[in-house]
Structures are given as C-alpha cells and as structure tokens.
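upload_28.txt (compact mmCIF, C-alpha atoms and all ligand atoms)
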# COMPACT_ATOMS: atom_id res chain seq x y z
CA MET A 1 178.09 63.54 229.03
CA ALA A 2 179.36 60.58 227.07
CA ARG A 3 179.15 61.08 223.33
CA VAL A 4 177.11 58.68 221.25
CA ALA A 5 179.04 56.99 218.43
CA VAL A 6 177.77 54.77 215.64
CA VAL A 7 180.18 52.51 213.76
CA THR A 8 178.93 50.75 210.62
CA GLY A 9 180.36 47.32 210.02
CA GLY A 10 181.33 47.62 213.66
CA THR A 11 181.39 44.00 214.80
CA ARG A 12 184.28 42.60 212.75
CA GLY A 13 187.64 43.65 211.35
CA ILE A 14 188.62 47.31 211.47
CA GLY A 15 185.11 48.32 212.57
CA ALA A 16 185.22 46.14 215.69
CA ALA A 17 188.55 47.69 216.68
CA ILE A 18 187.08 51.15 216.13
CA ALA A 19 183.98 50.39 218.21
CA LYS A 20 186.11 49.05 221.07
CA ALA A 21 188.52 51.99 220.95
CA LEU A 22 185.71 54.57 221.00
CA SER A 23 184.11 52.73 223.90
CA ALA A 24 187.45 52.72 225.77
CA ALA A 25 187.67 56.47 225.06
CA GLY A 26 184.38 56.96 226.94
CA CYS A 27 181.78 57.01 224.15
CA LYS A 28 178.44 55.23 224.20
CA VAL A 29 178.91 53.08 221.11
CA ALA A 30 176.42 51.34 218.82
CA ALA A 31 177.84 48.83 216.35
CA ASN A 32 175.92 48.25 213.14
CA TYR A 33 176.40 45.04 211.16
CA GLY A 34 174.97 43.69 207.93
CA GLY A 35 174.60 39.94 208.08
CA ASN A 36 176.89 37.84 210.27
CA ASP A 37 174.71 37.27 213.37
CA GLU A 38 177.14 34.85 214.97
CA ALA A 39 180.08 37.28 214.82
CA ALA A 40 177.85 40.11 216.06
CA GLN A 41 176.62 38.15 219.08
CA LYS A 42 180.19 37.11 219.91
CA PHE A 43 181.31 40.73 219.67
CA LYS A 44 178.44 41.89 221.88
CA ALA A 45 179.14 39.22 224.50
CA ALA A 46 182.85 40.06 224.56
CA THR A 47 182.53 43.85 224.63
CA GLY A 48 179.08 44.72 226.01
CA ILE A 49 178.64 47.04 223.00
CA PRO A 50 175.07 46.85 221.62
CA VAL A 51 174.72 45.67 218.03
CA PHE A 52 172.15 46.72 215.43
CA LYS A 53 171.52 44.85 212.20
CA TRP A 54 170.69 46.57 208.96
CA ASP A 55 171.94 46.94 205.41
CA VAL A 56 173.80 50.24 204.94
CA SER A 57 173.10 50.18 201.21
CA ALA A 58 169.37 50.79 201.90
CA TYR A 59 168.36 54.33 202.85
CA GLU A 60 165.17 53.43 204.72
CA ALA A 61 166.98 50.75 206.73
CA CYS A 62 169.64 53.28 207.77
CA ALA A 63 167.03 55.87 208.77
CA ALA A 64 165.13 53.29 210.84
CA GLY A 65 168.29 51.85 212.42
CA LEU A 66 169.56 55.29 213.41
CA LYS A 67 166.16 56.19 214.87
CA LYS A 68 166.32 53.09 217.06
CA ILE A 69 169.85 53.91 218.23
CA GLU A 70 168.86 57.51 219.02
CA ALA A 71 165.89 56.26 221.05
CA GLU A 72 168.11 53.87 223.03
CA LEU A 73 171.38 55.81 223.38
CA GLY A 74 170.61 59.43 222.47
CA PRO A 75 171.42 61.71 219.53
CA VAL A 76 174.35 60.64 217.38
CA ASP A 77 177.47 62.79 217.90
CA ILE A 78 180.01 60.62 216.09
CA LEU A 79 179.42 58.60 212.93
CA VAL A 80 182.06 56.26 211.55
CA ASN A 81 181.23 54.99 208.07
CA ASN A 82 183.33 51.86 208.01
CA ALA A 83 181.13 49.17 206.43
CA GLY A 84 182.49 47.92 203.16
CA ILE A 85 182.67 44.92 200.88
CA THR A 86 184.85 43.71 198.05
CA ARG A 87 183.82 41.93 194.86
CA ASP A 88 187.27 41.75 193.30
CA THR A 89 187.59 40.73 189.68
CA MET A 90 189.22 42.08 186.55
CA PHE A 91 186.98 44.69 184.94
CA HIS A 92 186.54 42.69 181.73
CA ARG A 93 184.89 39.98 183.84
CA MET A 94 182.94 42.24 186.24
CA THR A 95 179.15 41.86 186.31
CA PRO A 96 176.71 44.75 186.78
CA GLU A 97 175.83 43.20 190.18
CA GLN A 98 179.47 43.24 191.33
CA TRP A 99 179.69 46.89 190.35
CA THR A 100 176.40 47.96 191.94
CA GLN A 101 176.82 46.02 195.20
CA VAL A 102 180.18 47.64 195.91
CA ILE A 103 179.10 51.15 194.93
CA ASN A 104 175.91 50.92 196.99
CA THR A 105 177.48 49.40 200.09
CA ASN A 106 180.72 51.38 200.14
CA LEU A 107 179.67 54.76 198.71
CA SER A 108 175.90 55.23 198.73
CA SER A 109 175.98 54.17 202.38
CA LEU A 110 177.62 57.50 203.16
CA PHE A 111 174.55 59.33 201.91
CA ASN A 112 172.28 56.82 203.64
CA MET A 113 173.99 57.20 207.01
CA CYS A 114 174.91 60.90 207.02
CA ARG A 115 171.61 62.24 205.71
CA PRO A 116 169.48 61.10 208.71
CA VAL A 117 171.94 62.48 211.31
CA ILE A 118 173.22 65.67 209.71
CA GLU A 119 170.26 67.88 210.60
CA GLY A 120 170.53 66.95 214.29
CA MET A 121 174.27 67.57 214.29
CA ARG A 122 173.70 70.99 212.67
CA GLN A 123 171.11 71.92 215.28
CA ARG A 124 173.32 70.80 218.17
CA LYS A 125 176.37 72.47 216.56
CA PHE A 126 178.55 69.41 217.01
CA GLY A 127 179.41 66.36 214.96
CA ARG A 128 182.27 64.12 213.97
CA ILE A 129 181.98 62.10 210.78
CA VAL A 130 184.83 59.77 209.88
CA ASN A 131 184.73 57.90 206.59
CA ILE A 132 186.91 54.84 206.19
CA SER A 133 188.18 54.96 202.61
CA SER A 134 191.22 53.03 201.37
CA VAL A 135 194.68 53.28 199.86
CA ASN A 136 193.04 51.70 196.81
CA GLY A 137 190.76 54.73 196.45
CA GLN A 138 193.89 56.87 196.27
CA LYS A 139 196.07 54.79 193.95
CA GLY A 140 193.63 52.44 192.20
CA GLN A 141 194.05 48.66 192.37
CA MET A 142 193.85 46.05 189.65
CA GLY A 143 190.84 43.81 190.22
CA GLN A 144 189.06 46.59 192.10
CA SER A 145 187.64 49.09 189.61
CA ASN A 146 184.38 48.99 191.60
CA TYR A 147 186.02 49.30 195.03
CA SER A 148 188.57 51.92 193.95
CA ALA A 149 185.79 54.03 192.41
CA ALA A 150 183.68 53.84 195.57
CA LYS A 151 186.61 54.60 197.87
CA ALA A 152 187.73 57.57 195.73
CA GLY A 153 184.13 58.78 195.75
CA GLU A 154 184.21 58.76 199.53
CA LEU A 155 187.05 61.28 199.47
CA GLY A 156 185.08 63.73 197.30
CA PHE A 157 182.02 63.30 199.48
CA THR A 158 184.14 63.94 202.60
CA LYS A 159 185.51 67.22 201.26
CA ALA A 160 182.14 68.52 200.03
CA LEU A 161 180.29 67.73 203.25
CA ALA A 162 183.19 69.13 205.29
CA GLN A 163 182.78 72.49 203.53
CA GLU A 164 179.04 72.53 204.08
CA SER A 165 179.30 71.54 207.73
CA ALA A 166 182.31 73.50 209.00
CA LYS A 167 180.31 76.43 210.36
CA SER A 168 178.09 74.06 212.34
CA GLY A 169 180.88 72.55 214.44
CA ILE A 170 180.84 69.35 212.42
CA THR A 171 184.06 67.90 211.07
CA VAL A 172 184.10 65.39 208.24
CA ASN A 173 187.32 63.50 207.60
CA ALA A 174 188.49 60.38 205.81
CA ILE A 175 191.04 57.76 206.72
CA CYS A 176 192.73 55.70 204.03
CA PRO A 177 193.95 52.46 205.56
CA GLY A 178 196.39 50.34 203.64
CA TYR A 179 196.30 46.55 203.80
CA ILE A 180 195.21 45.60 207.31
CA GLY A 181 195.24 42.05 208.68
CA THR A 182 191.49 41.39 208.51
CA GLU A 183 189.32 38.73 206.89
CA MET A 184 188.91 41.03 203.85
CA VAL A 185 192.64 41.07 203.17
CA GLN A 186 193.03 37.39 204.04
CA ALA A 187 190.60 36.73 201.16
CA VAL A 188 193.21 38.02 198.68
CA PRO A 189 194.95 35.04 197.05
CA LYS A 190 197.97 34.18 199.23
CA ASP A 191 200.48 34.33 196.37
CA VAL A 192 199.19 37.74 195.24
CA LEU A 193 199.46 39.06 198.80
CA GLU A 194 202.98 37.72 199.27
CA LYS A 195 204.32 38.44 195.76
CA ASN A 196 202.56 41.65 194.79
CA ILE A 197 201.32 43.45 197.85
CA ILE A 198 203.43 43.00 200.97
CA PRO A 199 206.67 43.81 199.09
CA GLN A 200 205.12 47.22 198.26
CA ILE A 201 204.67 48.09 201.94
CA PRO A 202 207.86 49.75 203.25
CA VAL A 203 207.19 48.78 206.88
CA GLY A 204 207.10 45.18 205.61
CA ARG A 205 203.89 43.96 207.20
CA LEU A 206 200.12 44.30 207.18
CA GLY A 207 198.62 46.89 209.50
CA GLU A 208 196.69 46.10 212.67
CA PRO A 209 193.00 47.11 213.01
CA GLU A 210 193.94 48.96 216.22
CA GLU A 211 196.35 51.16 214.25
CA ILE A 212 193.35 52.48 212.28
CA ALA A 213 191.12 52.65 215.36
CA ARG A 214 193.56 55.03 217.05
CA CYS A 215 193.31 57.39 214.05
CA VAL A 216 189.51 57.35 214.36
CA VAL A 217 189.58 58.10 218.09
CA PHE A 218 191.68 61.18 217.38
CA LEU A 219 189.46 62.42 214.53
CA ALA A 220 186.37 61.82 216.70
CA SER A 221 187.76 63.76 219.63
CA ASP A 222 187.62 67.43 220.58
CA ASP A 223 191.39 67.58 219.97
CA SER A 224 190.84 67.40 216.20
CA SER A 225 188.47 70.40 216.02
CA PHE A 226 190.54 72.31 213.42
CA ILE A 227 190.86 69.31 211.10
CA THR A 228 188.13 68.89 208.52
CA GLY A 229 187.98 67.69 204.94
CA SER A 230 191.28 65.93 205.44
CA THR A 231 192.47 62.50 204.39
CA LEU A 232 194.62 60.67 206.91
CA THR A 233 196.75 58.06 205.21
CA ALA A 234 197.69 55.02 207.31
CA ASN A 235 199.26 52.45 205.03
CA GLY A 236 202.77 51.60 206.25
CA GLY A 237 204.23 53.83 203.53
CA GLN A 238 202.69 51.89 200.64
CA TYR A 239 201.46 55.03 198.92
CA MET A 240 202.62 58.51 199.91
CA ILE A 241 200.39 61.37 198.93
N1 LIG B 301 199.87 43.88 191.57
C1 LIG B 301 200.56 43.36 190.53
N2 LIG B 301 200.17 42.27 189.88
C2 LIG B 301 199.08 41.65 190.31
C3 LIG B 301 198.31 42.11 191.38
C4 LIG B 301 198.77 43.26 192.03
N3 LIG B 301 198.15 43.78 193.07
N4 LIG B 301 197.26 41.30 191.55
C5 LIG B 301 197.37 40.34 190.60
N5 LIG B 301 198.46 40.55 189.87
C6 LIG B 301 198.93 39.74 188.74
C7 LIG B 301 199.07 38.27 189.13
O1 LIG B 301 200.31 38.01 189.78
C8 LIG B 301 198.95 37.61 187.77
O2 LIG B 301 200.18 37.74 187.11
P1 LIG B 301 200.81 36.48 186.35
O3 LIG B 301 199.77 36.05 185.34
O4 LIG B 301 202.08 37.03 185.77
O5 LIG B 301 201.04 35.46 187.42
C9 LIG B 301 197.94 38.48 187.03
O6 LIG B 301 197.96 39.75 187.70
C10 LIG B 301 196.54 37.92 187.04
O7 LIG B 301 196.20 37.65 188.40
P2 LIG B 301 195.38 36.37 188.80
O8 LIG B 301 195.95 35.12 188.21
O9 LIG B 301 195.22 36.40 190.29
O10 LIG B 301 194.02 36.65 188.02
P3 LIG B 301 192.57 36.39 188.49
O11 LIG B 301 191.66 36.85 187.40
O12 LIG B 301 192.44 35.02 189.04
O13 LIG B 301 192.38 37.39 189.73
C11 LIG B 301 192.38 39.46 190.88
C12 LIG B 301 192.61 38.75 189.54
C13 LIG B 301 190.92 39.38 191.26
C14 LIG B 301 192.80 40.91 190.65
C15 LIG B 301 193.23 38.76 191.97
O14 LIG B 301 194.56 38.76 191.57
C16 LIG B 301 193.14 39.52 193.27
O15 LIG B 301 192.25 39.28 194.06
N6 LIG B 301 194.09 40.44 193.50
C17 LIG B 301 194.11 41.25 194.71
C18 LIG B 301 193.24 42.47 194.56
C19 LIG B 301 193.40 43.28 195.81
O16 LIG B 301 194.46 43.77 196.14
N7 LIG B 301 192.29 43.43 196.55
C20 LIG B 301 192.34 44.11 197.80
C21 LIG B 301 191.43 43.42 198.78
S1 LIG B 301 191.66 44.04 200.43
C22 LIG B 301 190.90 45.50 200.40
O17 LIG B 301 190.24 45.90 199.47
C23 LIG B 301 191.09 46.35 201.62
C24 LIG B 301 191.72 47.64 201.29
O18 LIG B 301 191.06 48.65 201.28
C25 LIG B 301 193.19 47.68 201.04
For the file at hand, write its structure as structure tokens.
Ligand code: CAA
Amino acid sequence: MARVAVVTGGTRGIGAAIAKALSAAGCKVAANYGGNDEAAQKFKAATGIPVFKWDVSAYEACAAGLKKIEAELGPVDILVNNAGITRDTMFHRMTPEQWTQVINTNLSSLFNMCRPVIEGMRQRKFGRIVNISSVNGQKGQMGQSNYSAAKAGELGFTKALAQESAKSGITVNAICPGYIGTEMVQAVPKDVLEKNIIPQIPVGRLGEPEEIARCVVFLASDDSSFITGSTLTANGGQYMI
C-alpha cells in the first residue's frame, strides 16, 4: 500500500521538490501551504498533488488540517516538517514580532505537526519524520538570531523525539540544507550573497531543491530504518560538522 506523506510548505521551493520526489517514489502526498493560493493552485495543476491550506504555527489549525488529510488519504506515515520563514535583521534592530513569528513558524510547528500524528504512528509501529533544519542552525548566521535559534532547536527536538520513538518503529531525522536556489535565498541582498555567502561554499554554487528532496526520499524510505536522531548535512561543503 502506498504510504501517506505530508509535506509542510510543500507547494514552493524545497518543499515542492520534496512533495514531487515523494510522489515519484510512490507515496500518496499531501502538500500543506500557508498563504500563497496562486502558487499552490499552480503546483496542484502541474503535479496533481492535493494541497491543504493552514498556518503551521497554530496548533488547532494543524490538528484540523491533519484530520482532513487522514480522512481523504489515510493515516499519515511520513511527515516532512519543511515550512519555514525568515525575518532577517540584525538583533539590535529585531522586533518581538520578528522573533516570535520565526520561532512559532519554524520551531513550534514541529510540536504542532508531530503531536497530532505521533500516537497513530506509535499504534501502527511505523513512522518517518524528517525535519528540515538549516546550516544556519548549525553554525549561526548574522542577521538570523531568530532563524538560527529555531533551526538549532529543531535539532534538539529531533534527537529527543527520536529517542522516545525508536522502539515504535518511528525514525526522526533532520536535514540541514545549505543555501539552496529558492525564493528565500534570492531574497538575500545580491551583494551579500555574491560577496559573503557563495565564496564560502566549496562547490561554488547554490544547491538545487532536488538535491535536498533526494535526501528526504531516502530518510522516508524503509532503507533508512537504522538511522534515527541523525542530522544529514547537505550544504556543498559550506560547514562541515
Ligand atoms: N557574512 C559576512 N558579512 C556579512 C554577511 C555575512 N553573511 N551578511 C552581511 N555582512 C556584512 C555586510 O557585507 C556589511 O558589511 P560592510 O558594512 O563592510 O559592507 C555588514 O555586514 C552589514 O550588512 P548590511 O549592510 O547588509 O546590513 P543590513 O542591516 O542592511 O542587513 C542583514 C543585515 C539583514 C544581515 C543582511 O545583510 C542580510 O540579509 N544578510 C543575509 C542573511 C542571510 O544569510 N540570510 C539567509 C537567508 S536564506 C535562509 O535562511 C535559508 C537557509 O536556511 C540557508
């Protein structure tokens, strides 16, 4: 039977590549998105993957959205927590809203999404949870004290939940992408990207969303059954850990 996979932020950027790759690997995929209806409808028309709109920073919205997906597609076997935002600014200029929005969307969303599905996964003795963190959660990044904190928090969450879930056939892993050629990275000022970031990437280029999607397909597969609590770094050599 085809496994059911949910990808948050699954209609654009890295998430869209993940949703398409899981679908190509034979999963029944549901792509969540937060706000961009036009992009979501375009993605749905191009891929045939159903899309579901809700805000991952709100627990009740996640619980309701997941209930709808389970009613339409079946119990969730694979959860990819990919949705994320940036509100980059130097810390001395950061507002409480910029802090809270990033922490809630990028980190609290892991609680909001995992909590409603974990009991079912435990009962069925199978689950794959893949959290998309970031190189900037590993090394820190100027202008991103909010984002780096959330992304580092994801790694602690991954390891704790992996320990709790191992005996139930559930693996919980994180991927730390480097700078990938998506709208999020294109929003970085061009001179900063060219002067300060790309020169730090030994392979000399931004990554492709598909290069991250292939990591997810592996961690979501049966082949990765002995891997849990791990962090898979995919950053073109920018930061080696
Ligand atoms: N490394 C080294 N120096 C940097 C730098 C970096 N990554 N980013 C900025 N600087 C330097 C600038 O060159 C500048 O130096 P000079 O004054 O000598 O020219 C100085 O820091 C101040 O920078 P700005 O003039 O740009 O200051 P600002 O207040 O207008 O903006 C900023 C600051 C918000 C940090 C802006 O520089 C910025 O957006 N930087 C990029 C932050 C970043 O990498 N975000 C990642 C987004 S993609 C993502 O998050 C996905 C992922 O997971 C990887």
Using only C-alpha atoms and all ligand atoms, which residues have at least one atom no more than 10 Å from ligand LIG 301 (chain B)? Output them as a PyMOL selection string. chain A and resi 84-94+132-137+140-145+147-148+151+176-198+200+206+235
Let me make sure I understand: among A:Ile241, A:Ile201, A:Ala71, A:Ala2, which one has the smallest atom-to-atom distance to Lys139 in chain A if we use all atoms listed in the file?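 Nearest to Lys139 in chain A: A:Ile241.
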Ref. answer, residues at most 7 Å from (173.6, 42.9, 202.5) with all atoms listed in the file, as an NGL selection string: :A and (34-35 or 55)
Let's have the selection written as a PDB file, keeping the file's coordinate frame, with C-alpha atoms.
ATOM      1  CA  GLY A  34     174.970  43.690 207.930  1.00  0.00           C
ATOM      2  CA  GLY A  35     174.600  39.940 208.080  1.00  0.00           C
ATOM      3  CA  ASP A  55     171.940  46.940 205.410  1.00  0.00           C
TER       4      ASP A  55
END
Separation of CA of Thr47 in chain A from CA of Lys28 in chain A in Å: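 These two atoms are separated by 12.1 Å.
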Of the candidates A:Arg3, A:Lys167, A:Arg124, A:Lys159, which one gets nearest to Asp77 in chain A if we count only C-alpha atoms?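 Smallest separation from Asp77 in chain A among the options: A:Arg3.
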For range 125-179 of chain A against range 108-116 of chain A, with a cut-off of 12 Å and counting all atoms listed in the file, what is the closest atom pair and its distance in Å to one decimal for every residue that makes the cut, ordered by chain and number, as a Markdown table?
| residue | atom | partner | partner_atom | distance |
| --- | --- | --- | --- | --- |
| A:Gly127 | CA | A:Cys114 | CA | 10.6 |
| A:Arg128 | CA | A:Cys114 | CA | 10.6 |
| A:Ile129 | CA | A:Cys114 | CA | 8.1 |
| A:Val130 | CA | A:Leu110 | CA | 10.1 |
| A:Asn131 | CA | A:Leu110 | CA | 7.9 |
| A:Ile132 | CA | A:Leu110 | CA | 10.1 |
| A:Ser133 | CA | A:Leu110 | CA | 10.9 |
| A:Ala149 | CA | A:Ser108 | CA | 11.8 |
| A:Ala150 | CA | A:Ser108 | CA | 8.5 |
| A:Lys151 | CA | A:Ser108 | CA | 10.8 |
| A:Gly153 | CA | A:Ser108 | CA | 9.4 |
| A:Glu154 | CA | A:Leu110 | CA | 7.6 |
| A:Leu155 | CA | A:Leu110 | CA | 10.8 |
| A:Gly156 | CA | A:Leu110 | CA | 11.3 |
| A:Phe157 | CA | A:Leu110 | CA | 8.2 |
| A:Thr158 | CA | A:Leu110 | CA | 9.2 |
| A:Leu161 | CA | A:Cys114 | CA | 9.5 |
| A:Ala162 | CA | A:Cys114 | CA | 11.8 |
| A:Ser165 | CA | A:Cys114 | CA | 11.5 |
| A:Ile170 | CA | A:Cys114 | CA | 11.7 |
| A:Val172 | CA | A:Cys114 | CA | 10.3 |
| A:Ala174 | CA | A:Leu110 | CA | 11.6 |
Which one is closest to Thr100 in chain A: A:Leu66, A:Asn146, A:Glu72, A:Ala61? Count only C-alpha atoms.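 Closest candidate: A:Asn146.
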CA of Ala16 in chain A to CA of Val117 in chain A, straight-line distance in Å: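 If I compute the distance from CA of Val117 in chain A to CA of Ala16 in chain A, I get 21.5 Å.
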Would you kindly return, as JSON, numbers by chain, each protein, DNA or RNA residue with an atom no farther than 8 Å from any atom of Gly65 in chain A, considering all atoms listed in the file and excluding same-chain residues fewer than 3 positions away? {"A": [52, 53, 54, 61, 62, 68, 69]}
In Å, with one decimal, what is the gap from CA of Leu107 in chain A to CA of Lys67 in chain A?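 Interatomic distance, CA of Leu107 in chain A to CA of Lys67 in chain A: 21.1 Å.
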Best match for closeness to Glu211 in chain A among A:Ile18, A:Cys27, A:Leu73, A:Ala64, counting all atoms listed in the file: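 Answer, going by the shortest atom-to-atom distance: A:Ile18.
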From the options A:Ala30, A:Ala45, A:Ala21, A:Ile78, which residue's atoms come nearest to Asp222 in chain A, counting only C-alpha atoms? A:Ile78
Selection: 8 Å around Ile227 in chain A, only C-alpha atoms, excl. self and same-chain fewer than 5 positions, as an NGL selection string: :A and (171 or 173 or 219)
Given only C-alpha atoms as the counted atoms, nearest of A:Leu79, A:Val102, A:Leu232, A:Ala58 to Val6 in chain A: A:Leu79
Would you compute an axis-aligned box for range 129-144 of chain A, covering every atom listed for it in the file with 3 Å of margin on each side, and report centre and edge lengths in Å to one decimal as lines of an AutoDock Vina configuration file?
center_x = 189.0
center_y = 53.0
center_z = 200.2
size_x = 20.1
size_y = 24.3
size_z = 27.1
